[in-house]
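One file, protein-v7.cif, carrying mmCIF, C-alpha atoms:
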data_coords
loop_
_atom_site.label_atom_id
_atom_site.label_comp_id
_atom_site.auth_asym_id
_atom_site.auth_seq_id
_atom_site.Cartn_x
_atom_site.Cartn_y
_atom_site.Cartn_z
CA MET A 1 0.15 -0.28 -34.06
CA ASN A 2 -2.73 -0.87 -31.69
CA ARG A 3 -5.34 -3.59 -31.66
CA THR A 4 -8.77 -3.43 -30.06
CA THR A 5 -10.55 -6.10 -28.03
CA TRP A 6 -13.67 -6.16 -25.91
CA ASP A 7 -13.94 -6.86 -22.17
CA SER A 8 -17.37 -6.84 -20.52
CA GLY A 9 -18.61 -4.34 -23.04
CA ARG A 10 -15.61 -2.01 -22.67
CA VAL A 11 -13.17 -1.27 -25.45
CA ILE A 12 -9.57 -2.10 -24.50
CA GLU A 13 -6.64 -0.93 -26.57
CA LYS A 14 -3.67 -3.27 -26.33
CA THR A 15 -0.41 -2.02 -27.64
CA SER A 16 1.58 -4.27 -29.93
CA LEU A 17 4.87 -3.53 -28.14
CA SER A 18 7.71 -5.88 -28.92
CA ARG A 19 8.30 -6.18 -25.19
CA PRO A 20 6.13 -6.80 -22.11
CA VAL A 21 4.16 -3.83 -20.79
CA THR A 22 5.87 -2.30 -17.75
CA MET A 23 4.88 -0.10 -14.83
CA GLU A 24 6.53 2.80 -16.63
CA ASP A 25 4.15 2.33 -19.58
CA VAL A 26 1.17 2.35 -17.22
CA ALA A 27 2.51 5.43 -15.40
CA ARG A 28 2.92 7.37 -18.65
CA ARG A 29 -0.60 6.52 -19.81
CA ALA A 30 -2.16 7.37 -16.44
CA GLN A 31 0.07 10.46 -16.12
CA VAL A 32 1.28 9.45 -12.66
CA SER A 33 4.60 8.31 -11.20
CA ARG A 34 5.88 4.75 -11.34
CA ALA A 35 5.87 4.71 -7.53
CA LEU A 36 2.16 5.44 -7.48
CA VAL A 37 1.51 2.60 -9.95
CA SER A 38 3.43 0.30 -7.63
CA LEU A 39 1.27 1.36 -4.68
CA VAL A 40 -1.90 0.62 -6.64
CA MET A 41 -0.63 -2.81 -7.71
CA ARG A 42 0.10 -3.62 -4.06
CA ASP A 43 -3.40 -2.47 -3.02
CA SER A 44 -1.99 0.25 -0.81
CA PRO A 45 -4.68 2.29 0.97
CA HIS A 46 -2.58 5.45 0.56
CA VAL A 47 -3.85 6.26 -2.93
CA SER A 48 -6.80 8.49 -3.80
CA ALA A 49 -9.79 6.94 -5.52
CA ASP A 50 -9.35 8.94 -8.75
CA LYS A 51 -5.65 8.10 -9.06
CA ARG A 52 -6.35 4.43 -8.33
CA SER A 53 -9.04 4.39 -11.01
CA ALA A 54 -6.75 6.07 -13.55
CA VAL A 55 -3.96 3.56 -12.95
CA ARG A 56 -6.27 0.57 -13.18
CA GLU A 57 -7.86 1.81 -16.38
CA ALA A 58 -4.42 2.40 -17.90
CA ALA A 59 -3.27 -1.08 -16.86
CA LEU A 60 -6.41 -2.64 -18.31
CA ALA A 61 -6.07 -0.74 -21.56
CA LEU A 62 -2.45 -1.76 -21.99
CA GLY A 63 -2.98 -5.36 -20.87
CA TYR A 64 -0.50 -4.94 -18.01
CA SER A 65 -0.11 -7.89 -15.63
CA PRO A 66 1.93 -7.13 -12.49
CA ASN A 67 4.88 -9.35 -11.69
CA ARG A 68 3.70 -10.43 -8.29
CA LEU A 69 6.79 -12.44 -7.52
CA ALA A 70 9.04 -9.46 -8.16
CA SER A 71 6.93 -7.22 -5.93
CA ARG A 72 7.07 -9.78 -3.14
CA LEU A 73 10.81 -10.20 -3.45
CA ALA A 74 11.16 -6.46 -3.03
CA SER A 75 9.66 -6.74 0.46
CA ARG A 76 10.86 -8.67 3.49
CA ARG A 77 8.06 -11.24 3.12
CA THR A 78 6.96 -13.04 -0.02
CA SER A 79 3.68 -14.46 1.39
CA THR A 80 4.74 -17.74 -0.20
CA LEU A 81 5.23 -21.10 1.51
CA GLY A 82 7.26 -23.90 -0.02
CA VAL A 83 5.87 -27.44 0.02
CA LEU A 84 8.12 -30.44 -0.57
CA LEU A 85 6.24 -33.64 -1.50
CA LEU A 86 8.21 -36.87 -1.71
CA ASP A 87 6.11 -38.66 -4.34
CA LEU A 88 3.42 -37.22 -6.59
CA HIS A 89 2.34 -40.73 -7.58
CA ASN A 90 1.31 -41.67 -4.04
CA PRO A 91 -2.11 -40.19 -3.22
CA VAL A 92 -1.23 -39.84 0.48
CA PHE A 93 0.88 -36.80 -0.45
CA ALA A 94 -2.08 -35.30 -2.29
CA ASP A 95 -4.08 -35.74 0.94
CA ILE A 96 -1.34 -33.96 2.91
CA TYR A 97 -1.25 -31.16 0.35
CA ASP A 98 -5.04 -30.74 0.57
CA GLY A 99 -4.70 -30.38 4.34
CA ILE A 100 -1.96 -27.77 3.95
CA LEU A 101 -4.12 -25.88 1.46
CA GLU A 102 -7.02 -25.86 3.92
CA GLY A 103 -4.70 -24.75 6.70
CA VAL A 104 -3.38 -21.70 4.87
CA GLU A 105 -6.72 -20.65 3.41
CA HIS A 106 -7.52 -17.00 4.15
CA SER A 107 -3.97 -16.47 5.50
CA GLY A 108 -2.88 -14.52 2.42
CA ASN A 109 -0.14 -17.05 1.67
CA HIS A 110 0.44 -18.91 -1.59
CA LEU A 111 1.97 -22.36 -2.01
CA MET A 112 4.93 -23.31 -4.19
CA VAL A 113 5.49 -27.06 -4.67
CA ALA A 114 8.73 -28.97 -5.26
CA VAL A 115 9.11 -32.73 -5.65
CA GLY A 116 11.42 -34.54 -3.25
CA SER A 117 13.36 -37.76 -3.69
CA THR A 118 14.92 -40.62 -1.76
CA ASP A 119 18.14 -39.53 -3.47
CA LEU A 120 19.58 -37.14 -0.89
CA ALA A 121 21.32 -34.91 -3.43
CA ARG A 122 18.15 -34.46 -5.49
CA GLU A 123 16.11 -33.86 -2.34
CA ALA A 124 18.55 -31.19 -1.15
CA GLU A 125 18.39 -29.55 -4.58
CA ALA A 126 14.59 -29.41 -4.33
CA VAL A 127 14.78 -27.78 -0.89
CA ARG A 128 17.31 -25.22 -2.12
CA SER A 129 15.11 -24.42 -5.12
CA LEU A 130 12.37 -23.35 -2.71
CA LEU A 131 14.80 -21.34 -0.60
CA ASP A 132 16.11 -19.64 -3.75
CA MET A 133 12.57 -18.37 -4.34
CA ARG A 134 12.70 -16.79 -0.88
CA VAL A 135 9.71 -18.63 0.53
CA ASP A 136 8.77 -17.53 4.05
CA GLY A 137 8.66 -21.12 5.31
CA ILE A 138 8.80 -24.72 4.11
CA LEU A 139 6.59 -27.73 4.82
CA LEU A 140 8.24 -31.06 4.03
CA ALA A 141 6.14 -34.20 3.55
CA GLY A 142 8.25 -37.33 3.27
CA TYR A 143 11.64 -35.71 3.92
CA THR A 144 14.36 -38.41 3.90
CA GLY A 145 17.54 -36.48 4.71
CA SER A 146 18.97 -35.79 8.14
CA PRO A 147 17.38 -33.08 10.30
CA GLU A 148 20.82 -31.57 10.87
CA SER A 149 21.42 -31.18 7.13
CA LEU A 150 17.99 -29.63 6.74
CA ALA A 151 18.66 -27.11 9.51
CA LEU A 152 21.90 -26.05 7.80
CA MET A 153 20.14 -25.59 4.45
CA LEU A 154 17.27 -23.63 6.00
CA GLY A 155 19.56 -21.09 7.63
CA GLY A 156 16.77 -19.94 9.94
CA THR A 157 13.82 -20.26 7.53
CA PRO A 158 10.91 -21.78 9.51
CA ALA A 159 10.06 -25.37 8.57
CA VAL A 160 7.72 -28.19 9.54
CA VAL A 161 8.48 -31.84 8.74
CA ILE A 162 5.34 -33.90 8.17
CA THR A 163 4.99 -37.66 8.94
CA ARG A 164 8.30 -37.73 10.83
CA GLU A 165 9.30 -36.41 14.24
CA VAL A 166 12.57 -34.47 14.34
CA GLU A 167 14.58 -33.16 17.27
CA VAL A 168 16.39 -30.17 15.82
CA PRO A 169 16.11 -26.53 16.94
CA GLY A 170 14.08 -24.41 14.56
CA ILE A 171 12.14 -27.28 12.94
CA ASP A 172 8.65 -28.34 14.04
CA SER A 173 6.97 -31.60 13.06
CA ALA A 174 3.53 -33.18 12.68
CA SER A 175 3.22 -36.95 12.66
CA ALA A 176 1.31 -40.05 13.68
CA SER A 177 3.04 -43.03 15.28
CA ASP A 178 3.92 -45.47 12.51
CA HIS A 179 5.02 -47.90 15.22
CA ARG A 180 1.56 -47.92 16.79
CA GLY A 181 -0.16 -47.99 13.40
CA ALA A 182 1.70 -51.17 12.43
CA GLN A 183 0.80 -52.74 15.75
CA LEU A 184 -2.86 -52.00 15.09
CA ALA A 185 -2.64 -53.73 11.71
CA VAL A 186 -0.90 -56.84 13.01
CA GLU A 187 -3.04 -57.09 16.16
CA HIS A 188 -6.15 -56.98 13.97
CA LEU A 189 -4.87 -59.88 11.89
CA GLN A 190 -3.84 -61.81 14.99
CA HIS A 191 -7.27 -61.29 16.52
CA LEU A 192 -8.77 -62.84 13.39
CA GLY A 193 -6.54 -65.88 13.95
CA HIS A 194 -3.63 -65.22 11.57
CA LYS A 195 -0.16 -66.42 12.53
CA GLU A 196 1.65 -66.42 9.16
CA ILE A 197 1.79 -62.68 8.53
CA VAL A 198 4.29 -61.29 6.02
CA HIS A 199 5.28 -57.62 6.03
CA ILE A 200 6.30 -55.77 2.85
CA ALA A 201 8.57 -52.98 4.11
CA LYS A 202 10.44 -49.94 2.84
CA PRO A 203 13.97 -50.46 1.59
CA PRO A 204 16.52 -50.25 4.42
CA GLY A 205 18.19 -46.90 4.96
CA LEU A 206 15.13 -44.69 4.82
CA PRO A 207 14.48 -42.83 8.10
CA TYR A 208 10.99 -44.24 8.55
CA PRO A 209 11.46 -47.54 10.45
CA GLY A 210 8.32 -47.29 12.58
CA ARG A 211 6.07 -49.60 10.56
CA ARG A 212 8.73 -52.29 10.31
CA LEU A 213 9.54 -52.11 14.04
CA GLY A 214 5.88 -52.06 15.03
CA TYR A 215 5.27 -55.18 12.95
CA ILE A 216 8.25 -57.00 14.48
CA GLN A 217 7.23 -56.13 18.02
CA ALA A 218 3.61 -57.21 17.46
CA MET A 219 4.74 -60.54 15.98
CA GLU A 220 7.30 -61.29 18.66
CA SER A 221 4.84 -60.40 21.43
CA GLN A 222 2.86 -63.47 20.29
CA GLN A 223 5.97 -65.63 19.76
CA LEU A 224 5.48 -65.48 16.00
CA ALA A 225 8.35 -65.31 13.52
CA PRO A 226 8.49 -62.03 11.54
CA VAL A 227 8.89 -62.39 7.78
CA ILE A 228 9.91 -59.16 6.02
CA ILE A 229 10.16 -58.49 2.28
CA THR A 230 11.55 -55.15 1.12
CA ALA A 231 10.13 -53.40 -1.93
CA ASP A 232 9.87 -50.08 -3.68
CA MET A 233 6.92 -48.18 -2.25
CA THR A 234 4.88 -48.44 -5.45
CA GLU A 235 2.14 -50.66 -6.84
CA ARG A 236 4.70 -52.35 -9.09
CA GLY A 237 7.01 -52.80 -6.10
CA GLY A 238 4.30 -54.65 -4.19
CA ARG A 239 3.48 -56.86 -7.17
CA GLN A 240 7.12 -57.76 -7.76
CA ALA A 241 7.75 -58.43 -4.08
CA ILE A 242 4.98 -61.02 -3.84
CA ASP A 243 5.99 -62.62 -7.15
CA ARG A 244 9.60 -62.97 -6.00
CA TYR A 245 8.55 -64.35 -2.65
CA LEU A 246 6.18 -66.98 -4.01
CA ASP A 247 8.47 -67.87 -6.94
CA SER A 248 11.15 -68.70 -4.38
CA GLY A 249 9.02 -71.62 -3.21
CA ALA A 250 7.83 -69.98 0.00
CA ALA A 251 4.41 -71.01 1.26
CA VAL A 252 1.52 -68.65 0.69
CA PRO A 253 1.02 -66.72 3.95
CA THR A 254 -2.44 -66.29 5.41
CA ALA A 255 -2.00 -62.51 5.72
CA ILE A 256 0.12 -59.68 4.30
CA PHE A 257 0.70 -56.27 5.87
CA ALA A 258 1.89 -53.76 3.26
CA ASP A 259 3.78 -50.58 4.09
CA ASN A 260 1.33 -48.39 2.15
CA ASP A 261 -1.83 -48.60 0.08
CA LEU A 262 -0.02 -48.51 -3.27
CA VAL A 263 2.06 -51.54 -2.29
CA ALA A 264 -1.11 -53.26 -1.07
CA LEU A 265 -2.73 -52.71 -4.50
CA GLY A 266 0.25 -54.40 -6.12
CA VAL A 267 -0.13 -57.29 -3.68
CA LEU A 268 -3.81 -57.66 -4.55
CA ASP A 269 -2.94 -57.70 -8.26
CA ALA A 270 -0.20 -60.31 -7.83
CA LEU A 271 -2.46 -62.57 -5.77
CA SER A 272 -5.29 -62.22 -8.29
CA ASN A 273 -2.94 -63.22 -11.12
CA ARG A 274 -2.22 -66.44 -9.21
CA ASN A 275 -5.90 -67.11 -8.52
CA ILE A 276 -5.34 -66.59 -4.79
CA SER A 277 -8.52 -65.20 -3.26
CA VAL A 278 -8.63 -62.17 -0.94
CA PRO A 279 -9.65 -62.44 1.86
CA ASP A 280 -10.61 -66.13 1.66
CA ASP A 281 -7.05 -67.34 1.07
CA VAL A 282 -5.00 -64.31 2.11
CA SER A 283 -5.93 -61.20 4.10
CA VAL A 284 -4.28 -57.92 3.10
CA VAL A 285 -3.81 -54.72 5.12
CA GLY A 286 -2.47 -51.45 3.71
CA TYR A 287 -1.39 -48.18 5.27
CA ASP A 288 -2.37 -44.50 4.74
CA ASN A 289 -6.12 -45.04 4.15
CA THR A 290 -6.09 -43.17 0.86
CA GLU A 291 -9.04 -42.82 -1.48
CA LEU A 292 -7.74 -45.93 -3.25
CA ALA A 293 -8.44 -47.95 -0.10
CA GLU A 294 -11.91 -46.44 0.20
CA SER A 295 -12.89 -47.41 -3.35
CA GLN A 296 -15.69 -49.97 -3.47
CA LEU A 297 -13.69 -51.93 -6.04
CA VAL A 298 -10.81 -52.33 -3.59
CA SER A 299 -12.32 -51.86 -0.11
CA LEU A 300 -8.89 -52.26 1.49
CA THR A 301 -8.40 -52.55 5.22
CA SER A 302 -5.88 -49.81 5.98
CA VAL A 303 -4.30 -47.80 8.77
CA ASP A 304 -5.36 -44.16 8.75
CA HIS A 305 -2.65 -41.79 9.94
CA HIS A 306 -4.85 -38.80 9.14
CA ALA A 307 -2.78 -37.34 6.31
CA ARG A 308 -5.07 -34.39 5.68
CA GLU A 309 -5.11 -33.51 9.37
CA LEU A 310 -1.32 -33.67 9.46
CA GLY A 311 -1.24 -31.17 6.60
CA ARG A 312 -3.56 -28.82 8.48
CA LEU A 313 -1.52 -29.12 11.67
CA ALA A 314 1.70 -28.42 9.78
CA ALA A 315 0.15 -25.35 8.15
CA SER A 316 -0.97 -24.10 11.55
CA ALA A 317 2.53 -24.61 12.94
CA ILE A 318 4.26 -22.68 10.16
CA LEU A 319 1.75 -19.82 10.36
CA ARG A 320 2.33 -19.62 14.11
CA ARG A 321 6.07 -19.23 13.52
CA LEU A 322 5.53 -16.61 10.85
CA SER A 323 3.25 -14.64 13.16
CA GLY A 324 6.24 -13.96 15.38
CA ASP A 325 6.60 -17.07 17.56
CA THR A 326 10.26 -17.66 16.78
CA GLN A 327 11.65 -18.27 20.26
CA SER A 328 9.70 -21.25 21.58
CA PRO A 329 11.30 -24.74 21.36
CA PRO A 330 10.41 -27.06 18.44
CA ILE A 331 6.87 -28.37 18.69
CA ASN A 332 6.21 -32.00 17.73
CA THR A 333 2.49 -32.50 17.15
CA HIS A 334 1.10 -36.05 17.22
CA VAL A 335 -2.16 -37.65 16.14
CA ASP A 336 -3.26 -41.21 16.89
CA PRO A 337 -3.46 -43.66 13.97
CA LEU A 338 -6.69 -45.56 13.41
CA LEU A 339 -7.32 -48.92 11.74
CA VAL A 340 -10.16 -48.87 9.21
CA VAL A 341 -11.43 -52.39 8.62
CA ARG A 342 -12.91 -53.18 5.20
CA GLN A 343 -13.31 -56.26 3.00
CA THR A 344 -9.72 -57.46 2.44
CA THR A 345 -9.35 -59.05 5.88
CA ALA A 346 -11.12 -62.08 7.36
CA ALA A 347 -10.40 -65.10 9.54
CA PRO A 348 -8.05 -67.64 7.92
CA ARG A 349 -9.39 -70.91 6.58
CA HIS A 350 -8.80 -73.85 8.93
#
Rewrite the structure of this file - the entire thing - as structure tokens.
Amino acid sequence: MNRTTWDSGRVIEKTSLSRPVTMEDVARRAQVSRALVSLVMRDSPHVSADKRSAVREAALALGYSPNRLASRLASRRTSTLGVLLLDLHNPVFADIYDGILEGVEHSGNHLMVAVGSTDLAREAEAVRSLLDMRVDGILLAGYTGSPESLALMLGGTPAVVITREVEVPGIDSASASDHRGAQLAVEHLQHLGHKEIVHIAKPPGLPYPGRRLGYIQAMESQQLAPVIITADMTERGGRQAIDRYLDSGAAVPTAIFADNDLVALGVLDALSNRNISVPDDVSVVGYDNTELAESQLVSLTSVDHHARELGRLAASAILRRLSGDTQSPPINTHVDPLLVVRQTTAAPRH
């Protein structure tokens, strides 16, 4: 039994088949071969105008939607790039993704996203899920495993690691110096006159030590004692870290440097709950310069490592590899971090 609908003033008959409409159904209705239908669906130029029109009209009438993934898998290239994002809750990864999207625009490639993890087994599973879909290349933002393990999983598939420099054949990277970014944050606070600066850092074991090391070096260069608190890289993690620290009887520091903007928001919340004023009592610096930091309600001083630009650079790198540049050594692209000063930092009270 058929049913009739309208589309832009044209009558379309849609069959009530108990199965999805196939290319064979379209071919029978258009009175052409299945191979010709396939050529039309792939926009091949080797089809006459009348045959192309007949196939498209038949497909429209039957409500046929081509399985694009299947057609790509039938060729050597899928025109699909995999994107691994460590944390969908942290807006810095949305910024990176936006940059990637801008970088691949007009390239004919589509993006397929998987969520990473600090759990190495789950992260590896996410990478393999992209490889199983036969993506042409992978961009990894926040990858926490070893570069050697990644190279083995990739098996020659081009890849770019974002926010972390790697030294493994076949893998490019795009990053900003976390070490220098942390120095900028601490030097800014020191210039304001702060000496009691606490750093809330990533848990040990993650392969991103630059911000911790930059903080330590900047403190020791001024003969100041580093004080480091580890926390989950979330707003709740920042809140809990400050609560634990102050509940232990430690003195309120004059400044806090948080590992990212989410942690800094948690710090601001915890200080507010204790009626500790920012920046009058405590100055706070974040990292990543996300839209959260830019908000007028927060106006957080933060280090900008140009997340969107890193995404664009990574996209450019993967497209270069896919264009045929497979022999050149790994390329590690760097951008310089920048401190953006807003309203959460000021000179300490004397």
- Determine, counting only C-alpha atoms, which protein, DNA and RNA residues have an atom within 8 Å of an atom of stretch 241-245 of chain A; residues of the same chain fewer than 2 positions away are not included. Present the result as a list in words.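 What passes the distance filter is Ile200, Ile229, Thr230, Ala231, Gly237, Gly238, Arg239, Asp247, Ser248, Gly249, Ala250, Val267, Ala270 and Leu271 of chain A.
Atom CA of A:Leu150 lies 19.9 Å from atom CA of A:Leu310.
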TODO: Please provide as a count of residues only all residues within 9 Å of A:Leu265, with the sequence filter that same-chain residues fewer than 5 positions apart are discarded (counting only C-alpha atoms).
DONE: 12
Measuring between only C-alpha atoms, which one of A:Thr345, A:Thr326, A:Ser295, A:Thr333 shows the shortest distance to A:Gln190?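 Comparing A:Thr345, A:Thr326, A:Ser295, A:Thr333 against A:Gln190, the winner is A:Thr345.
Taking atom CA of A:Ala176 as the reference point, atom CA of A:Val161 is found at 12.0 Å.
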- Applied to this file, what does the PyMOL selection byres ((chain A and resi 213-228) around 7) return in terms of residues, put as a list in words?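 For this structure, the PyMOL selection byres ((chain A and resi 213-228) around 7) captures His179, Arg180, Ala182, Gln183, Val186, Glu187, Lys195, Val198, His199, Ile200, Ala201, Pro209, Gly210, Arg211, Arg212, Ile229 and Thr230 of chain A.
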Residues near A:Ser177, anyone? I mean within 9 Å using all atoms listed in the file, not counting same-chain ones fewer than 6 positions away, as a short mmCIF file (atom, residue, chain, number, x, y, z; two decimals) with C-alpha atoms, in the frame of the given file.
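Everything below was put into around21.cif:
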data_model
loop_
_atom_site.label_atom_id
_atom_site.label_comp_id
_atom_site.auth_asym_id
_atom_site.auth_seq_id
_atom_site.Cartn_x
_atom_site.Cartn_y
_atom_site.Cartn_z
CA THR A 163 4.99 -37.66 8.94
CA ARG A 164 8.30 -37.73 10.83
CA GLY A 210 8.32 -47.29 12.58
CA ARG A 211 6.07 -49.60 10.56
CA HIS A 305 -2.65 -41.79 9.94
CA HIS A 334 1.10 -36.05 17.22
CA VAL A 335 -2.16 -37.65 16.14
CA ASP A 336 -3.26 -41.21 16.89
CA PRO A 337 -3.46 -43.66 13.97
#
If you apply the PyMOL selection byres ((chain A and resi 137-147) around 9) to this file, what residues do you get, as a PDB file with C-alpha atoms, keeping the file's coordinate frame?
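Once written, result07.pdb looks like this:
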ATOM      1  CA  THR A  80       4.740 -17.740  -0.200  1.00  0.00           C
ATOM      2  CA  LEU A  81       5.230 -21.100   1.510  1.00  0.00           C
ATOM      3  CA  GLY A  82       7.260 -23.900  -0.020  1.00  0.00           C
ATOM      4  CA  VAL A  83       5.870 -27.440   0.020  1.00  0.00           C
ATOM      5  CA  LEU A  84       8.120 -30.440  -0.570  1.00  0.00           C
ATOM      6  CA  LEU A  85       6.240 -33.640  -1.500  1.00  0.00           C
ATOM      7  CA  LEU A  86       8.210 -36.870  -1.710  1.00  0.00           C
ATOM      8  CA  ASP A  87       6.110 -38.660  -4.340  1.00  0.00           C
ATOM      9  CA  PHE A  93       0.880 -36.800  -0.450  1.00  0.00           C
ATOM     10  CA  ILE A  96      -1.340 -33.960   2.910  1.00  0.00           C
ATOM     11  CA  TYR A  97      -1.250 -31.160   0.350  1.00  0.00           C
ATOM     12  CA  ILE A 100      -1.960 -27.770   3.950  1.00  0.00           C
ATOM     13  CA  GLY A 116      11.420 -34.540  -3.250  1.00  0.00           C
ATOM     14  CA  SER A 117      13.360 -37.760  -3.690  1.00  0.00           C
ATOM     15  CA  THR A 118      14.920 -40.620  -1.760  1.00  0.00           C
ATOM     16  CA  ASP A 119      18.140 -39.530  -3.470  1.00  0.00           C
ATOM     17  CA  LEU A 120      19.580 -37.140  -0.890  1.00  0.00           C
ATOM     18  CA  GLU A 123      16.110 -33.860  -2.340  1.00  0.00           C
ATOM     19  CA  ALA A 124      18.550 -31.190  -1.150  1.00  0.00           C
ATOM     20  CA  VAL A 127      14.780 -27.780  -0.890  1.00  0.00           C
ATOM     21  CA  LEU A 130      12.370 -23.350  -2.710  1.00  0.00           C
ATOM     22  CA  LEU A 131      14.800 -21.340  -0.600  1.00  0.00           C
ATOM     23  CA  ARG A 134      12.700 -16.790  -0.880  1.00  0.00           C
ATOM     24  CA  VAL A 135       9.710 -18.630   0.530  1.00  0.00           C
ATOM     25  CA  ASP A 136       8.770 -17.530   4.050  1.00  0.00           C
ATOM     26  CA  GLU A 148      20.820 -31.570  10.870  1.00  0.00           C
ATOM     27  CA  SER A 149      21.420 -31.180   7.130  1.00  0.00           C
ATOM     28  CA  LEU A 150      17.990 -29.630   6.740  1.00  0.00           C
ATOM     29  CA  ALA A 151      18.660 -27.110   9.510  1.00  0.00           C
ATOM     30  CA  LEU A 152      21.900 -26.050   7.800  1.00  0.00           C
ATOM     31  CA  LEU A 154      17.270 -23.630   6.000  1.00  0.00           C
ATOM     32  CA  THR A 157      13.820 -20.260   7.530  1.00  0.00           C
ATOM     33  CA  PRO A 158      10.910 -21.780   9.510  1.00  0.00           C
ATOM     34  CA  ALA A 159      10.060 -25.370   8.570  1.00  0.00           C
ATOM     35  CA  VAL A 160       7.720 -28.190   9.540  1.00  0.00           C
ATOM     36  CA  VAL A 161       8.480 -31.840   8.740  1.00  0.00           C
ATOM     37  CA  ILE A 162       5.340 -33.900   8.170  1.00  0.00           C
ATOM     38  CA  THR A 163       4.990 -37.660   8.940  1.00  0.00           C
ATOM     39  CA  ARG A 164       8.300 -37.730  10.830  1.00  0.00           C
ATOM     40  CA  VAL A 166      12.570 -34.470  14.340  1.00  0.00           C
ATOM     41  CA  GLU A 167      14.580 -33.160  17.270  1.00  0.00           C
ATOM     42  CA  VAL A 168      16.390 -30.170  15.820  1.00  0.00           C
ATOM     43  CA  ILE A 171      12.140 -27.280  12.940  1.00  0.00           C
ATOM     44  CA  LEU A 206      15.130 -44.690   4.820  1.00  0.00           C
ATOM     45  CA  PRO A 207      14.480 -42.830   8.100  1.00  0.00           C
ATOM     46  CA  TYR A 208      10.990 -44.240   8.550  1.00  0.00           C
ATOM     47  CA  GLY A 311      -1.240 -31.170   6.600  1.00  0.00           C
ATOM     48  CA  ALA A 314       1.700 -28.420   9.780  1.00  0.00           C
ATOM     49  CA  ALA A 315       0.150 -25.350   8.150  1.00  0.00           C
ATOM     50  CA  ILE A 318       4.260 -22.680  10.160  1.00  0.00           C
ATOM     51  CA  LEU A 319       1.750 -19.820  10.360  1.00  0.00           C
ATOM     52  CA  ARG A 321       6.070 -19.230  13.520  1.00  0.00           C
ATOM     53  CA  LEU A 322       5.530 -16.610  10.850  1.00  0.00           C
TER      54      LEU A 322
END
